[in-house]
Amino acid sequence: MLTLIDKAMLASRHILTVFFLGLVVALGLYALRFVTKLWEFASRLFTMAENDDLLELLHLADSALVASMVAMVAISSYDSLVSRLKEDAAAERMHWVGGLDTGDLKLKLATSIVAISSIQLLQMFLRPGGYDDRETMWALVIHGTFLAGALTLGLLERLGAGKAAAAHGDRKEVHDPASKEDRQEKE
C-alpha cells in the first residue's frame, strides 16, 4: 500500500505541467500585447515628445523583463520538478536550464522584480507632476522592500552554500556551475 502511495505522490508532480503550460500560453498572449505596444510606439515615435518616447521605451523594456521572468520560472520549474530538459536544452544551446537550482531561481526572480520595480520608479520620476508625494513615497517603500528582500535572499543563499560546503569538508565557490550539475545528477 505504501509503495502505491509513494508512486502516486511522485506521479502527482505531472499535474504541475498544467500550470507551466498555462504560463507558456499567458506568455504568448503577453507577446501579442507587446507587439501591439511596439507597433503603437513605432507609429508615434517621430511625433512624441522626447520624454514620452523614453517612457514608452521603458514600458517595452519592462515587458521584456516580465516575459523573461515568466519564461525562466516555467522552464526552470518544469525542469526541476517534472521532467529534466537537459538534453533538449543542450541541443538548443540553453545550458543554463539544468543549472538553476531553487536558490538560484529565487535570486533571479528577486533581481528581476527589483529591476522591474526600478523601471517603474524611473517612469514615475520621468513624469514630474504625474504622481503625488504619497504615491511616490509608497513606490519608494515598496521598491526598498523588494531590494531588501533580494539582498536578504542573496545573503541567505550564500550562507547556506558556504555551510553546505563546510559540512562536506571543502570550500567551493558559491556559484560554481559544476557543483550544481553534480547535485542535480545525484537527485
# chains A, B, ... in the order shown; residues from 1 in each chain; ligands from 1
>>> residues_around(residues="Glu157 in chain A", least_positions_apart="5", cutoff="9 Å", atoms="only C-alpha atoms", output="list in words")
Gly103, Asp104, Leu107, Thr152, Gly162 and Val174 of chain A
>>> write_last_selection(atoms="N, CA and C atoms", output="compact mmCIF listing (two decimals), in the first residue's frame")
# COMPACT_ATOMS: atom_id res chain seq x y z
N GLY A 103 17.41 27.82 -5.20
CA GLY A 103 18.02 29.03 -4.65
C GLY A 103 18.38 30.03 -5.73
N ASP A 104 18.98 29.53 -6.81
CA ASP A 104 19.33 30.41 -7.93
C ASP A 104 18.08 31.01 -8.57
N LEU A 107 16.78 33.83 -6.48
CA LEU A 107 17.62 35.02 -6.63
C LEU A 107 17.35 35.72 -7.96
N THR A 152 18.55 40.04 1.07
CA THR A 152 18.44 39.01 2.12
C THR A 152 18.48 37.62 1.52
N GLY A 162 27.76 28.18 1.72
CA GLY A 162 29.01 28.09 2.49
C GLY A 162 28.94 27.03 3.56
N VAL A 174 30.54 29.61 -4.42
CA VAL A 174 29.10 29.56 -4.27
C VAL A 174 28.40 29.36 -5.61
>>> residues_around(residues="Ser77 in chain A", least_positions_apart="6", cutoff="9 Å", atoms="only C-alpha atoms", output="list in words")
Phe20, Thr102 and Leu105 of chain A
>>> residues_around(residues="Ser112 in chain A", least_positions_apart="2", cutoff="8 Å", atoms="only C-alpha atoms", output="MDAnalysis selection string")
chainID A and resid 65:66 69 108:110 114:116
>>> select_by_dssp(residues="range 60-169 of chain A", states="helix (DSSP H, G or I)", output="count of residues only")
90
>>> atom_distance(atom1="CA of Leu81 in chain A", atom2="CA of Leu16 in chain A")
8.1 Å
>>> residues_around(residues="Leu140 in chain A", least_positions_apart="6", cutoff="10 Å", atoms="only C-alpha atoms", output="mmCIF file with C-alpha atoms, in the first residue's frame")
data_model
loop_
_atom_site.group_PDB
_atom_site.id
_atom_site.type_symbol
_atom_site.label_atom_id
_atom_site.label_comp_id
_atom_site.auth_asym_id
_atom_site.auth_seq_id
_atom_site.Cartn_x
_atom_site.Cartn_y
_atom_site.Cartn_z
ATOM 1 C CA SER A 117 10.426 47.977 -9.826
ATOM 2 C CA SER A 118 13.389 50.192 -10.748
ATOM 3 C CA LEU A 121 10.296 54.190 -10.403
ATOM 4 C CA ARG A 134 2.208 59.867 -1.199
ATOM 5 C CA PHE A 146 11.905 44.379 -2.871
#
>>> residues_around(residues="Ile119 in chain A", least_positions_apart="6", cutoff="9 Å", atoms="only C-alpha atoms", output="ChimeraX atom specification")
/A:58-59,61-62
>>> write_last_selection(atoms="C-alpha atoms", output="PDB file, in the first residue's frame")
ATOM      1  CA  LEU A  58      10.930  51.822 -20.716  1.00  0.00           C
ATOM      2  CA  HIS A  59       7.476  50.204 -20.914  1.00  0.00           C
ATOM      3  CA  ALA A  61      11.911  47.052 -21.587  1.00  0.00           C
ATOM      4  CA  ASP A  62       9.683  46.378 -18.576  1.00  0.00           C
TER       5      ASP A  62
END
>>> atom_distance(atom1="CA of Leu4 in chain A", atom2="CA of Ser76 in chain A")
28.2 Å
>>> closest_residue(among="A:Ala49, A:Leu85, A:Ala67, A:Ile15", to="Arg33 in chain A", atoms="only C-alpha atoms")
A:Ala67
